file upload08.tsv (TSV, C-alpha atoms)
chain	number	residue	atom	x	y	z
A	1	MET	CA	0.00	0.00	0.00
A	2	LYS	CA	1.25	3.38	-0.91
A	3	VAL	CA	0.03	6.85	-1.67
A	4	THR	CA	-0.05	10.40	-0.44
A	5	SER	CA	-2.60	9.54	2.23
A	6	ILE	CA	0.30	8.33	4.36
A	7	VAL	CA	1.86	11.78	4.10
A	8	ARG	CA	-1.44	13.36	5.17
A	9	ILE	CA	-1.65	10.97	8.12
A	10	SER	CA	1.90	11.70	9.24
A	11	THR	CA	1.22	15.42	8.90
A	12	ALA	CA	-1.74	15.04	11.25
A	13	ILE	CA	0.44	13.27	13.80
A	14	LEU	CA	3.15	15.90	13.53
A	15	ALA	CA	0.63	18.71	13.84
A	16	CYS	CA	-0.72	17.27	17.08
A	17	ALA	CA	2.69	16.37	18.44
A	18	LEU	CA	4.18	19.77	17.71
A	19	ALA	CA	1.16	21.71	18.95
A	20	ALA	CA	2.97	22.46	22.20
A	21	THR	CA	5.62	24.47	20.37
A	22	ALA	CA	2.99	27.00	19.29
A	23	LEU	CA	1.88	27.72	22.88
A	24	PRO	CA	2.82	30.95	24.69
A	25	ALA	CA	5.96	30.69	26.80
A	26	GLU	CA	4.06	30.61	30.09
A	27	GLN	CA	2.14	27.51	28.93
A	28	LYS	CA	5.06	25.54	27.51
A	29	SER	CA	6.23	24.16	30.84
A	30	ALA	CA	2.76	22.77	31.53
A	31	ALA	CA	2.55	21.31	28.02
A	32	ALA	CA	5.93	19.64	28.44
A	33	ALA	CA	4.77	18.10	31.68
A	34	ASP	CA	1.62	16.80	30.00
A	35	PHE	CA	3.22	15.38	26.88
A	36	GLY	CA	6.67	14.35	28.11
A	37	SER	CA	10.01	14.94	26.44
A	38	ARG	CA	10.67	11.67	24.60
A	39	VAL	CA	10.82	11.65	20.81
A	40	GLY	CA	9.56	8.49	19.14
A	41	ALA	CA	9.40	7.26	15.57
A	42	ILE	CA	6.86	5.15	13.72
A	43	ASN	CA	6.90	3.70	10.24
A	44	LEU	CA	3.30	4.39	9.28
A	45	ARG	CA	3.55	2.57	5.97
A	46	GLN	CA	4.79	-0.57	7.72
A	47	ALA	CA	2.35	-0.19	10.61
A	48	ILE	CA	-0.71	0.04	8.35
A	49	ALA	CA	0.39	-3.01	6.34
A	50	SER	CA	1.31	-5.00	9.47
A	51	THR	CA	-2.01	-4.70	11.28
A	52	ALA	CA	-4.32	-7.69	11.04
A	53	GLU	CA	-6.86	-5.44	9.35
A	54	GLY	CA	-4.25	-4.26	6.86
A	55	LYS	CA	-3.22	-7.81	6.00
A	56	GLN	CA	-6.83	-8.84	5.56
A	57	ALA	CA	-7.54	-5.83	3.32
A	58	SER	CA	-4.46	-6.58	1.24
A	59	ALA	CA	-5.60	-10.16	0.67
A	60	GLN	CA	-9.09	-8.96	-0.23
A	61	LEU	CA	-7.72	-6.47	-2.76
A	62	GLU	CA	-5.51	-9.15	-4.28
A	63	SER	CA	-8.54	-11.40	-4.71
A	64	GLN	CA	-10.74	-8.55	-5.95
A	65	PHE	CA	-8.31	-7.53	-8.70
A	66	LEU	CA	-6.98	-11.00	-9.57
A	67	ALA	CA	-9.27	-11.56	-12.56
A	68	ARG	CA	-8.39	-8.19	-14.07
A	69	ARG	CA	-4.68	-8.80	-13.49
A	70	LYS	CA	-4.90	-12.14	-15.31
A	71	ASP	CA	-6.83	-10.47	-18.13
A	72	LEU	CA	-3.98	-7.98	-18.58
A	73	GLU	CA	-1.44	-10.81	-18.57
A	74	SER	CA	-3.46	-12.66	-21.22
A	75	LEU	CA	-3.71	-9.56	-23.40
A	76	ASN	CA	0.00	-8.95	-23.06
A	77	LYS	CA	0.69	-12.54	-24.11
A	78	GLN	CA	-1.50	-12.13	-27.20
A	79	ILE	CA	0.55	-9.10	-28.21
A	80	GLY	CA	3.76	-11.03	-27.63
A	81	ASP	CA	2.50	-13.92	-29.76
A	82	LEU	CA	1.62	-11.54	-32.62
A	83	GLN	CA	5.05	-9.95	-32.48
A	84	GLN	CA	6.62	-13.40	-32.57
A	85	ARG	CA	4.53	-14.40	-35.60
A	86	LEU	CA	5.57	-11.24	-37.44
A	87	ALA	CA	9.23	-11.78	-36.59
A	88	SER	CA	9.30	-15.47	-37.55
A	89	GLY	CA	7.29	-14.88	-40.72
A	90	ALA	CA	9.19	-11.86	-41.94
A	91	ASN	CA	10.21	-13.72	-45.14
A	92	THR	CA	7.17	-15.97	-45.52
A	93	LEU	CA	4.09	-13.91	-44.70
A	94	SER	CA	2.37	-11.92	-47.40
A	95	ASP	CA	2.29	-8.14	-47.16
A	96	GLU	CA	-1.44	-8.29	-46.54
A	97	GLU	CA	-1.00	-10.73	-43.66
A	98	LYS	CA	1.79	-8.63	-42.18
A	99	ALA	CA	-0.41	-5.53	-42.37
A	100	ARG	CA	-3.32	-7.38	-40.78
A	101	LEU	CA	-1.22	-8.72	-37.92
A	102	THR	CA	0.42	-5.33	-37.40
A	103	LEU	CA	-2.95	-3.58	-37.20
A	104	GLN	CA	-4.26	-6.24	-34.83
A	105	GLY	CA	-1.20	-5.78	-32.62
A	106	GLN	CA	-1.68	-2.01	-32.54
A	107	ARG	CA	-5.32	-2.37	-31.50
A	108	LEU	CA	-4.46	-4.88	-28.78
A	109	THR	CA	-1.66	-2.59	-27.54
A	110	GLN	CA	-4.05	0.35	-27.28
A	111	GLN	CA	-6.55	-1.85	-25.49
A	112	LEU	CA	-3.86	-3.06	-23.08
A	113	GLU	CA	-2.69	0.47	-22.30
A	114	ARG	CA	-6.25	1.62	-21.61
A	115	ARG	CA	-7.02	-1.35	-19.35
A	116	GLN	CA	-3.71	-1.00	-17.53
A	117	ASN	CA	-4.44	2.65	-16.76
A	118	GLU	CA	-7.96	1.83	-15.56
A	119	PHE	CA	-6.64	-1.08	-13.48
A	120	GLN	CA	-3.96	1.05	-11.83
A	121	GLU	CA	-6.36	3.89	-11.11
A	122	ASP	CA	-8.98	1.59	-9.57
A	123	LEU	CA	-6.35	-0.27	-7.53
A	124	SER	CA	-4.83	2.98	-6.26
A	125	ASN	CA	-8.25	4.29	-5.25
A	126	ALA	CA	-9.06	1.06	-3.43
A	127	GLN	CA	-5.69	1.13	-1.65
A	128	SER	CA	-6.21	4.76	-0.69
A	129	ASP	CA	-9.58	3.91	0.87
A	130	VAL	CA	-7.96	1.17	2.95
A	131	ILE	CA	-5.07	3.41	4.01
A	132	ASN	CA	-7.37	6.25	5.00
A	133	THR	CA	-9.67	3.95	6.97
A	134	ILE	CA	-6.87	2.23	8.89
A	135	GLY	CA	-4.73	5.37	9.06
A	136	ARG	CA	-7.33	7.46	10.86
A	137	LYS	CA	-7.78	4.80	13.53
A	138	LEU	CA	-4.01	4.26	13.74
A	139	VAL	CA	-3.50	7.96	14.46
A	140	ASP	CA	-6.04	7.72	17.29
A	141	VAL	CA	-4.06	4.82	18.78
A	142	VAL	CA	-0.81	6.81	18.51
A	143	MET	CA	-2.36	9.89	20.13
A	144	ARG	CA	-3.59	7.81	23.08
A	145	TYR	CA	-0.27	5.97	23.37
A	146	ALA	CA	2.12	8.93	23.17
A	147	PRO	CA	1.12	11.04	26.20
A	148	SER	CA	0.74	8.08	28.52
A	149	ASN	CA	4.24	6.89	27.61
A	150	GLY	CA	6.04	10.20	27.99
A	151	TYR	CA	6.30	11.16	24.31
A	152	GLY	CA	6.26	14.80	23.27
A	153	ALA	CA	6.59	14.02	19.57
A	154	ILE	CA	6.09	11.06	17.24
A	155	LEU	CA	7.71	11.25	13.80
A	156	ASP	CA	6.89	9.17	10.73
A	157	ASN	CA	10.15	7.72	9.43
A	158	SER	CA	8.47	6.18	6.36
A	159	SER	CA	7.91	9.64	4.86
A	160	GLN	CA	10.61	11.25	2.73
A	161	ASN	CA	9.31	14.59	4.00
A	162	THR	CA	10.35	13.65	7.54
A	163	PRO	CA	13.98	12.45	7.51
A	164	VAL	CA	14.36	11.14	11.07
A	165	LEU	CA	18.01	11.22	12.09
A	166	PHE	CA	17.38	10.17	15.68
A	167	ALA	CA	14.48	9.19	17.90
A	168	SER	CA	14.55	7.79	21.41
A	169	SER	CA	12.59	4.72	20.32
A	170	ASP	CA	10.61	3.14	17.50
A	171	ILE	CA	7.01	2.47	18.51
A	172	THR	CA	5.83	0.81	15.29
A	173	GLN	CA	5.33	-2.69	16.72
A	174	ASP	CA	3.76	-1.37	19.91
A	175	ILE	CA	1.20	0.57	17.88
A	176	VAL	CA	0.46	-2.42	15.62
A	177	ARG	CA	-0.16	-4.57	18.71
A	178	LEU	CA	-2.41	-1.95	20.32
A	179	TYR	CA	-4.28	-1.43	17.05
A	180	ASP	CA	-4.98	-5.15	16.67
A	181	GLU	CA	-6.24	-5.24	20.26
A	182	ALA	CA	-8.49	-2.22	19.70
A	183	TYR	CA	-9.74	-3.27	16.25
A	184	PRO	CA	-9.67	-7.09	16.09
A	185	VAL	CA	-10.37	-8.74	12.75
A	186	LYS	CA	-13.26	-11.21	12.71
A	187	GLY	CA	-12.04	-14.79	12.68
A	188	ALA	CA	-8.50	-13.86	13.74
A	189	ALA	CA	-6.92	-15.42	16.83
A	190	PRO	CA	-6.45	-13.02	19.79
A	191	ALA	CA	-3.00	-11.40	20.04
A	192	GLY	CA	-0.44	-13.80	21.47
A	193	VAL	CA	-2.67	-16.85	21.02
A	194	THR	CA	-1.52	-19.55	18.62
A	195	PRO	CA	-4.40	-21.33	16.86
A	196	LYS	CA	-4.65	-25.03	17.75
A	197	PRO	CA	-3.86	-27.44	14.89
A	198	PRO	CA	-6.78	-29.54	13.66
A	199	ALA	CA	-7.24	-32.85	15.49
A	200	LYS	CA	-5.65	-35.85	13.83
A	201	PRO	CA	-7.96	-38.64	12.57
A	202	SER	CA	-8.37	-41.45	15.09
A	203	GLY	CA	-7.74	-44.05	12.41
A	204	LYS	CA	-11.00	-45.87	13.08
call {"tool": "encode", "arguments": {"input": "upload08.tsv", "output": "C-alpha cells"}}
result
Amino acid sequence: MKVTSIVRISTAILACALAATALPAEQKSAAAADFGSRVGAINLRQAIASTAEGKQASAQLESQFLARRKDLESLNKQIGDLQQRLASGANTLSDEEKARLTLQGQRLTQQLERRQNEFQEDLSNAQSDVINTIGRKLVDVVMRYAPSNGYGAILDNSSQNTPVLFASSDITQDIVRLYDEAYPVKGAAPAGVTPKPPAKPSGK
C-alpha cells in the first residue's frame, strides 16, 4: 500500500505532536509536563500493512483484482505472440498478412494500455480507501499511546518529508499490537494466542 494519504496521516500526527511548540511561553512548561520529552518514531507505511486489518484488506484487494490482473497478462501474451509471428514470418508472410497482424497488434496494444491505466487507477483508489480507513484509527491509537508513555513528539520515518536522524525509540510494533487489540479482525486469533492445529484422525 502506498500513496499520499500516508503523508497526510503523518502530517496530522506531527501537527498534534508539535502543537505544544505553538503555545505561549508561560504555557510551555505545563505542556511539556503533560506530553513528556521523549521523541519516538513510527513507520506508518509498515504499521498500516502489518495490522491484522491491513493484511486482511491486502488479501481482499488481491482477490478482488486477480481476474483483471490475469486479463492484462493474457492480453500482453497475445501481443507477444503476434510480435513473434511477425518476426518469424518476416520472409514468408504476405504483405497483406503482415499488415493485418500489425494492425491487430496495434489495436491490442491500445486496449492493453487503456485497461492497464484503468486497473492502476482503480487499484490505487481502493488502496487509498484502505489506508485512509486504517490510518485514521491508527492515528487515534498513537495519540492515546504517546502522552501516557512520555512522548512529546512522534515522527513518521516512512515519509521522505520527515527524515528522522534520531528518535529515542521506535514504537511501530507497539502501535500495531495496540491497534490489533483495539480493532480485532473477525475470525482472527487473539493477540499472542496460537491457533490449535486440527485434530488428527483417530484411524478408526
call {"tool": "atom_distance", "arguments": {"input": "upload08.tsv", "atom1": "atom CA of Arg107 of chain A", "atom2": "atom CA of Gly89 of chain A"}}
result
20.0 Å
call {"tool": "atom_distance", "arguments": {"input": "upload08.tsv", "atom1": "atom CA of Ser74 of chain A", "atom2": "atom CA of Leu101 of chain A"}}
result
17.3 Å
call {"tool": "closest_residue", "arguments": {"input": "upload08.tsv", "among": "A:Val176, A:Ala87, A:Ala126, A:Val39", "to": "Gly152 of chain A", "atoms": "all atoms listed in the file"}}
result
A:Val39
call {"tool": "closest_atom_pairs", "arguments": {"input": "upload08.tsv", "of": "segment 81-117 of chain A", "to": "segment 69-73 of chain A", "cutoff": "12 Å", "atoms": "all atoms listed in the file", "output": "tab-separated table"}}
result
residue	atom	partner	partner_atom	distance
A:Leu108	CA	A:Leu72	CA	10.7
A:Thr109	CA	A:Leu72	CA	10.7
A:Gln111	CA	A:Leu72	CA	9.6
A:Leu112	CA	A:Leu72	CA	6.7
A:Glu113	CA	A:Leu72	CA	9.3
A:Arg114	CA	A:Leu72	CA	10.3
A:Arg115	CA	A:Leu72	CA	7.3
A:Gln116	CA	A:Leu72	CA	7.1
A:Asn117	CA	A:Leu72	CA	10.8
call {"tool": "write_last_selection", "arguments": {"input": "upload08.tsv", "atoms": "C-alpha atoms", "output": "short mmCIF file (atom, residue, chain, number, x, y, z; two decimals), keeping the file's coordinate frame"}}
result
data_model
loop_
_atom_site.label_atom_id
_atom_site.label_comp_id
_atom_site.auth_asym_id
_atom_site.auth_seq_id
_atom_site.Cartn_x
_atom_site.Cartn_y
_atom_site.Cartn_z
CA LEU A 108 -4.46 -4.88 -28.78
CA THR A 109 -1.66 -2.59 -27.54
CA GLN A 111 -6.55 -1.85 -25.49
CA LEU A 112 -3.86 -3.06 -23.08
CA GLU A 113 -2.69 0.47 -22.30
CA ARG A 114 -6.25 1.62 -21.61
CA ARG A 115 -7.02 -1.35 -19.35
CA GLN A 116 -3.71 -1.00 -17.53
CA ASN A 117 -4.44 2.65 -16.76
#
call {"tool": "atom_distance", "arguments": {"input": "upload08.tsv", "atom1": "atom CA of Phe166 of chain A", "atom2": "atom CA of Ala153 of chain A"}}
result
12.1 Å
call {"tool": "residues_around", "arguments": {"input": "upload08.tsv", "residues": "segment 47-52 of chain A", "least_positions_apart": "2", "cutoff": "8 Å", "atoms": "only C-alpha atoms", "output": "MDAnalysis selection string"}}
result
chainID A and resid 1 42:45 54:56 58 131 134:135 138 172:173 175:177 179:180 184:185 188
call {"tool": "write_last_selection", "arguments": {"input": "upload08.tsv", "atoms": "C-alpha atoms", "output": "mmCIF file, in the frame of the given file"}}
result
data_model
loop_
_atom_site.group_PDB
_atom_site.id
_atom_site.type_symbol
_atom_site.label_atom_id
_atom_site.label_comp_id
_atom_site.auth_asym_id
_atom_site.auth_seq_id
_atom_site.Cartn_x
_atom_site.Cartn_y
_atom_site.Cartn_z
ATOM 1 C CA MET A 1 0.000 0.000 0.000
ATOM 2 C CA ILE A 42 6.860 5.150 13.720
ATOM 3 C CA ASN A 43 6.900 3.700 10.240
ATOM 4 C CA LEU A 44 3.300 4.390 9.280
ATOM 5 C CA ARG A 45 3.550 2.570 5.970
ATOM 6 C CA GLY A 54 -4.250 -4.260 6.860
ATOM 7 C CA LYS A 55 -3.220 -7.810 6.000
ATOM 8 C CA GLN A 56 -6.830 -8.840 5.560
ATOM 9 C CA SER A 58 -4.460 -6.580 1.240
ATOM 10 C CA ILE A 131 -5.070 3.410 4.010
ATOM 11 C CA ILE A 134 -6.870 2.230 8.890
ATOM 12 C CA GLY A 135 -4.730 5.370 9.060
ATOM 13 C CA LEU A 138 -4.010 4.260 13.740
ATOM 14 C CA THR A 172 5.830 0.810 15.290
ATOM 15 C CA GLN A 173 5.330 -2.690 16.720
ATOM 16 C CA ILE A 175 1.200 0.570 17.880
ATOM 17 C CA VAL A 176 0.460 -2.420 15.620
ATOM 18 C CA ARG A 177 -0.160 -4.570 18.710
ATOM 19 C CA TYR A 179 -4.280 -1.430 17.050
ATOM 20 C CA ASP A 180 -4.980 -5.150 16.670
ATOM 21 C CA PRO A 184 -9.670 -7.090 16.090
ATOM 22 C CA VAL A 185 -10.370 -8.740 12.750
ATOM 23 C CA ALA A 188 -8.500 -13.860 13.740
#
call {"tool": "residues_near_point", "arguments": {"input": "upload08.tsv", "point": "(12.7, 11.5, 21.6)", "cutoff": "12 Å", "atoms": "all atoms listed in the file", "output": "PyMOL selection string"}}
result
chain A and resi 17+35-42+146+149-155+164-171
call {"tool": "closest_residue", "arguments": {"input": "upload08.tsv", "among": "A:Val142, A:Leu86, A:Leu178, A:Leu61", "to": "Ser128 of chain A", "atoms": "all atoms listed in the file"}}
result
A:Leu61
call {"tool": "build_atoms", "arguments": {"input": "upload08.tsv", "residues": "segment 118-129 of chain A", "atoms": "all heavy atoms", "output": "PDB file, in the coordinates of the input"}}
result
ATOM      1  N   GLU A 118      -6.744   1.968 -16.362  1.00  0.00           N
ATOM      2  CA  GLU A 118      -7.960   1.830 -15.560  1.00  0.00           C
ATOM      3  C   GLU A 118      -7.709   0.941 -14.346  1.00  0.00           C
ATOM      4  O   GLU A 118      -8.180   1.230 -13.236  1.00  0.00           O
ATOM      5  CB  GLU A 118      -9.084   1.233 -16.419  1.00  0.00           C
ATOM      6  CG  GLU A 118      -9.577   2.170 -17.525  1.00  0.00           C
ATOM      7  CD  GLU A 118     -10.552   1.486 -18.471  1.00  0.00           C
ATOM      8  OE1 GLU A 118     -10.699   0.237 -18.364  1.00  0.00           O
ATOM      9  OE2 GLU A 118     -11.161   2.180 -19.304  1.00  0.00           O
ATOM     10  N   PHE A 119      -6.966  -0.145 -14.564  1.00  0.00           N
ATOM     11  CA  PHE A 119      -6.640  -1.080 -13.480  1.00  0.00           C
ATOM     12  C   PHE A 119      -5.841  -0.361 -12.395  1.00  0.00           C
ATOM     13  O   PHE A 119      -6.164  -0.477 -11.196  1.00  0.00           O
ATOM     14  CB  PHE A 119      -5.829  -2.253 -14.041  1.00  0.00           C
ATOM     15  CG  PHE A 119      -5.301  -3.197 -12.997  1.00  0.00           C
ATOM     16  CD1 PHE A 119      -6.080  -4.236 -12.519  1.00  0.00           C
ATOM     17  CD2 PHE A 119      -4.011  -3.056 -12.495  1.00  0.00           C
ATOM     18  CE1 PHE A 119      -5.595  -5.114 -11.559  1.00  0.00           C
ATOM     19  CE2 PHE A 119      -3.527  -3.922 -11.537  1.00  0.00           C
ATOM     20  CZ  PHE A 119      -4.314  -4.952 -11.068  1.00  0.00           C
ATOM     21  N   GLN A 120      -4.808   0.368 -12.804  1.00  0.00           N
ATOM     22  CA  GLN A 120      -3.960   1.050 -11.830  1.00  0.00           C
ATOM     23  C   GLN A 120      -4.716   2.121 -11.067  1.00  0.00           C
ATOM     24  O   GLN A 120      -4.539   2.285  -9.851  1.00  0.00           O
ATOM     25  CB  GLN A 120      -2.742   1.661 -12.537  1.00  0.00           C
ATOM     26  CG  GLN A 120      -1.655   2.131 -11.579  1.00  0.00           C
ATOM     27  CD  GLN A 120      -1.180   1.011 -10.671  1.00  0.00           C
ATOM     28  OE1 GLN A 120      -0.775  -0.057 -11.133  1.00  0.00           O
ATOM     29  NE2 GLN A 120      -1.235   1.235  -9.364  1.00  0.00           N
ATOM     30  N   GLU A 121      -5.580   2.841 -11.765  1.00  0.00           N
ATOM     31  CA  GLU A 121      -6.360   3.890 -11.110  1.00  0.00           C
ATOM     32  C   GLU A 121      -7.327   3.293 -10.089  1.00  0.00           C
ATOM     33  O   GLU A 121      -7.431   3.776  -8.951  1.00  0.00           O
ATOM     34  CB  GLU A 121      -7.138   4.700 -12.142  1.00  0.00           C
ATOM     35  CG  GLU A 121      -7.951   5.849 -11.533  1.00  0.00           C
ATOM     36  CD  GLU A 121      -8.689   6.657 -12.594  1.00  0.00           C
ATOM     37  OE1 GLU A 121      -8.517   6.366 -13.798  1.00  0.00           O
ATOM     38  OE2 GLU A 121      -9.433   7.577 -12.207  1.00  0.00           O
ATOM     39  N   ASP A 122      -8.031   2.235 -10.489  1.00  0.00           N
ATOM     40  CA  ASP A 122      -8.980   1.590  -9.570  1.00  0.00           C
ATOM     41  C   ASP A 122      -8.272   0.977  -8.377  1.00  0.00           C
ATOM     42  O   ASP A 122      -8.757   1.057  -7.241  1.00  0.00           O
ATOM     43  CB  ASP A 122      -9.779   0.511 -10.316  1.00  0.00           C
ATOM     44  CG  ASP A 122     -10.744   1.093 -11.334  1.00  0.00           C
ATOM     45  OD1 ASP A 122     -11.005   2.316 -11.279  1.00  0.00           O
ATOM     46  OD2 ASP A 122     -11.233   0.329 -12.194  1.00  0.00           O
ATOM     47  N   LEU A 123      -7.113   0.343  -8.624  1.00  0.00           N
ATOM     48  CA  LEU A 123      -6.350  -0.270  -7.530  1.00  0.00           C
ATOM     49  C   LEU A 123      -5.846   0.789  -6.566  1.00  0.00           C
ATOM     50  O   LEU A 123      -5.934   0.630  -5.349  1.00  0.00           O
ATOM     51  CB  LEU A 123      -5.187  -1.077  -8.102  1.00  0.00           C
ATOM     52  CG  LEU A 123      -4.260  -1.751  -7.075  1.00  0.00           C
ATOM     53  CD1 LEU A 123      -5.040  -2.727  -6.208  1.00  0.00           C
ATOM     54  CD2 LEU A 123      -3.113  -2.472  -7.791  1.00  0.00           C
ATOM     55  N   SER A 124      -5.336   1.899  -7.107  1.00  0.00           N
ATOM     56  CA  SER A 124      -4.830   2.980  -6.260  1.00  0.00           C
ATOM     57  C   SER A 124      -5.943   3.577  -5.404  1.00  0.00           C
ATOM     58  O   SER A 124      -5.740   3.872  -4.221  1.00  0.00           O
ATOM     59  CB  SER A 124      -4.178   4.070  -7.117  1.00  0.00           C
ATOM     60  OG  SER A 124      -3.020   3.591  -7.761  1.00  0.00           O
ATOM     61  N   ASN A 125      -7.114   3.745  -6.010  1.00  0.00           N
ATOM     62  CA  ASN A 125      -8.250   4.290  -5.250  1.00  0.00           C
ATOM     63  C   ASN A 125      -8.668   3.343  -4.136  1.00  0.00           C
ATOM     64  O   ASN A 125      -8.960   3.773  -3.014  1.00  0.00           O
ATOM     65  CB  ASN A 125      -9.429   4.541  -6.191  1.00  0.00           C
ATOM     66  CG  ASN A 125      -9.219   5.728  -7.106  1.00  0.00           C
ATOM     67  OD1 ASN A 125      -8.406   6.619  -6.817  1.00  0.00           O
ATOM     68  ND2 ASN A 125      -9.926   5.760  -8.225  1.00  0.00           N
ATOM     69  N   ALA A 126      -8.679   2.049  -4.441  1.00  0.00           N
ATOM     70  CA  ALA A 126      -9.060   1.060  -3.430  1.00  0.00           C
ATOM     71  C   ALA A 126      -8.030   1.021  -2.295  1.00  0.00           C
ATOM     72  O   ALA A 126      -8.379   0.924  -1.112  1.00  0.00           O
ATOM     73  CB  ALA A 126      -9.190  -0.328  -4.062  1.00  0.00           C
ATOM     74  N   GLN A 127      -6.754   1.108  -2.655  1.00  0.00           N
ATOM     75  CA  GLN A 127      -5.690   1.130  -1.650  1.00  0.00           C
ATOM     76  C   GLN A 127      -5.783   2.380  -0.790  1.00  0.00           C
ATOM     77  O   GLN A 127      -5.598   2.324   0.428  1.00  0.00           O
ATOM     78  CB  GLN A 127      -4.324   1.046  -2.332  1.00  0.00           C
ATOM     79  CG  GLN A 127      -4.020  -0.308  -2.934  1.00  0.00           C
ATOM     80  CD  GLN A 127      -2.711  -0.319  -3.702  1.00  0.00           C
ATOM     81  OE1 GLN A 127      -2.289   0.702  -4.258  1.00  0.00           O
ATOM     82  NE2 GLN A 127      -2.069  -1.471  -3.759  1.00  0.00           N
ATOM     83  N   SER A 128      -6.088   3.510  -1.423  1.00  0.00           N
ATOM     84  CA  SER A 128      -6.210   4.760  -0.690  1.00  0.00           C
ATOM     85  C   SER A 128      -7.339   4.690   0.328  1.00  0.00           C
ATOM     86  O   SER A 128      -7.214   5.183   1.460  1.00  0.00           O
ATOM     87  CB  SER A 128      -6.470   5.929  -1.654  1.00  0.00           C
ATOM     88  OG  SER A 128      -5.347   6.175  -2.470  1.00  0.00           O
ATOM     89  N   ASP A 129      -8.448   4.068  -0.056  1.00  0.00           N
ATOM     90  CA  ASP A 129      -9.580   3.910   0.870  1.00  0.00           C
ATOM     91  C   ASP A 129      -9.166   3.104   2.096  1.00  0.00           C
ATOM     92  O   ASP A 129      -9.507   3.454   3.227  1.00  0.00           O
ATOM     93  CB  ASP A 129     -10.754   3.224   0.164  1.00  0.00           C
ATOM     94  CG  ASP A 129     -11.436   4.123  -0.857  1.00  0.00           C
ATOM     95  OD1 ASP A 129     -11.230   5.361  -0.796  1.00  0.00           O
ATOM     96  OD2 ASP A 129     -12.160   3.599  -1.731  1.00  0.00           O
TER      97      ASP A 129
END
